[in-house]
Structures are given as structure tokens and as C-alpha cells.
>>> print(open('entry_13.txt').read())   # compact mmCIF, C-alpha atoms
# COMPACT_ATOMS: atom_id res chain seq x y z
CA MET A 8 7.68 -11.49 1.46
CA ALA A 9 6.37 -8.53 3.40
CA SER A 10 5.31 -10.81 6.27
CA LEU A 11 8.76 -12.46 6.30
CA TYR A 12 10.58 -9.10 6.45
CA PRO A 13 8.57 -6.76 8.70
CA ASN A 14 11.44 -4.23 8.87
CA ILE A 15 11.23 -3.65 5.13
CA THR A 16 8.48 -1.63 3.49
CA PHE A 17 7.11 -3.09 0.26
CA LEU A 18 5.11 -0.89 -2.11
CA GLU A 19 3.30 -1.70 -5.31
CA VAL A 20 2.83 1.09 -7.81
CA PRO A 21 0.43 -0.06 -10.51
CA VAL A 22 0.75 1.44 -13.97
CA THR A 23 -2.27 3.57 -14.78
CA ASN A 24 -3.03 6.37 -17.22
CA GLN A 25 -2.66 8.78 -14.31
CA ASN A 26 0.91 7.77 -13.36
CA THR A 27 2.62 6.84 -16.63
CA ASN A 28 4.89 9.88 -16.22
CA LEU A 29 6.12 8.44 -12.91
CA HIS A 30 7.12 5.14 -14.51
CA GLN A 31 8.71 6.92 -17.47
CA GLY A 32 10.59 9.26 -15.12
CA LEU A 33 11.93 6.29 -13.18
CA GLU A 34 12.97 4.73 -16.51
CA VAL A 35 11.14 1.48 -15.82
CA PRO A 36 12.07 -0.62 -18.88
CA SER A 37 9.58 -3.46 -18.37
CA LEU A 38 7.04 -4.81 -15.92
CA PRO A 39 7.19 -6.15 -13.32
CA TYR A 40 10.21 -4.15 -12.20
CA GLY A 41 11.60 -3.40 -8.77
CA HIS A 42 13.51 -0.63 -7.07
CA ILE A 43 15.23 -0.93 -3.72
CA TYR A 44 15.68 2.27 -1.75
CA TYR A 45 17.84 2.51 1.35
CA PRO A 46 17.34 5.21 4.01
CA GLY A 47 19.91 7.95 3.56
CA ALA A 48 21.18 6.47 0.30
CA GLY A 49 18.14 6.55 -1.97
CA LEU A 50 17.86 4.20 -4.92
CA VAL A 51 20.43 1.42 -4.56
CA GLU A 52 19.12 -1.42 -6.75
CA GLU A 53 16.94 -1.83 -9.86
CA MET A 54 15.88 -5.16 -11.31
CA LYS A 55 13.39 -7.13 -13.31
CA ILE A 56 11.17 -9.11 -10.96
CA SER A 57 9.19 -11.33 -13.30
CA LYS A 58 8.96 -15.00 -12.34
CA LYS A 59 12.24 -15.73 -14.14
CA TYR A 60 14.11 -13.08 -12.10
CA PHE A 61 12.18 -13.12 -8.82
CA HIS A 62 14.95 -15.06 -7.06
CA ASN A 63 17.18 -11.99 -7.51
CA LEU A 64 14.70 -9.85 -5.56
CA VAL A 65 14.52 -12.46 -2.80
CA ARG A 66 18.32 -12.56 -2.57
CA MET A 67 18.59 -8.76 -2.44
CA VAL A 68 15.88 -8.42 0.21
CA ARG A 69 17.67 -10.96 2.41
CA TRP A 70 20.99 -9.20 1.85
CA TYR A 71 19.63 -5.78 2.84
CA ASP A 72 17.61 -7.20 5.74
CA LYS A 73 20.73 -8.84 7.20
CA LYS A 74 22.62 -5.55 6.65
CA GLU A 75 25.24 -7.42 4.63
CA CYS A 76 24.97 -4.99 1.74
CA GLY A 77 27.64 -2.60 3.03
CA VAL A 78 25.64 0.48 2.07
CA GLU A 79 25.73 1.68 5.69
CA ASP A 80 29.43 2.46 5.17
CA TYR A 81 28.49 5.08 2.58
CA VAL A 82 25.45 6.65 4.25
CA VAL A 83 26.19 9.77 6.21
CA PRO A 84 23.91 9.78 9.25
CA THR A 85 21.94 12.96 9.74
CA THR A 86 20.69 14.37 12.97
CA ILE A 87 18.21 17.09 13.80
CA GLU A 88 21.16 19.37 14.53
CA ASP A 89 22.43 18.88 10.95
CA ASP A 90 19.17 20.29 9.62
CA ALA A 91 19.25 23.38 11.82
>>> encode(input="entry_13.txt", output="C-alpha cells")
Amino acid sequence: MASLYPNITFLEVPVTNQNTNLHQGLEVPSLPYGHIYYPGAGLVEEMKISKKYFHNLVRMVRWYDKKECGVEDYVVPTTIEDDA
């Protein structure tokens, strides 16, 4: 999927003994599990992404890639001047 959607960054965070607190803090209920973050909005989607549910991830990625999600209407753009 990453090669089909070069404008989207895909990350894999494996569960290890060193990062179990991260997964618990994100309240990951099962594996594999996915989060979708949108610039300026943060976490916007959470979903199971096992084989049975993978089609949901594909649908969401397409939706966000085409900017049909509508989240842009709720994101307040920031500029360098805003941070000053």
C-alpha cells in the first residue's frame, strides 16, 4: 500500500518488551491494529486490520488520500507567525 500511496506515511510499530507501555497507552485492544493520524488533527481513525478487516484500512487510506474525508474543514492551519 505504501507504494500505491506515496503521499501517505506508513509505520509499523512491533510489540516488544521495550514498548509495551506505548501499546497500552494507545489502548491497542488487539493486533494487528491501525491508527490513522492526520496533520493538524492528530488521531482520526482506529481500527482492527487483521485479514478479515483489512478492506476497511484500504477504504480509509483511499478516502484520506483523495481528501474526501472532510477533516480539512476542522483543521485550523498554523503558520510560523502563529507560533511566535
>>> residues_around(input="entry_13.txt", residues="segment 13-25 of chain A", least_positions_apart="6", cutoff="9 Å", atoms="only C-alpha atoms", output="number ranges by chain")
A: 68, 71-72
>>> write_last_selection(input="entry_13.txt", atoms="C-alpha atoms", output="PDB file, keeping the file's coordinate frame")
ATOM      1  CA  VAL A  68      15.880  -8.420   0.210  1.00  0.00           C
ATOM      2  CA  TYR A  71      19.630  -5.780   2.840  1.00  0.00           C
ATOM      3  CA  ASP A  72      17.610  -7.200   5.740  1.00  0.00           C
TER       4      ASP A  72
END
>>> closest_residue(input="entry_13.txt", among="A:Leu64, A:Ile56, A:Leu33, A:Val51", to="Val82 of chain A", atoms="only C-alpha atoms")
A:Val51
>>> residues_around(input="entry_13.txt", residues="Gly41 of chain A", least_positions_apart="4", cutoff="7 Å", atoms="only C-alpha atoms", output="list in words")
Glu53, Met54, Lys55 and Ile56 of chain A
>>> atom_distance(input="entry_13.txt", atom1="atom CA of Gly49 of chain A", atom2="atom CA of Gly32 of chain A")
15.4 Å
>>> atom_distance(input="entry_13.txt", atom1="atom CA of Ser10 of chain A", atom2="atom CA of Pro36 of chain A")
28.0 Å
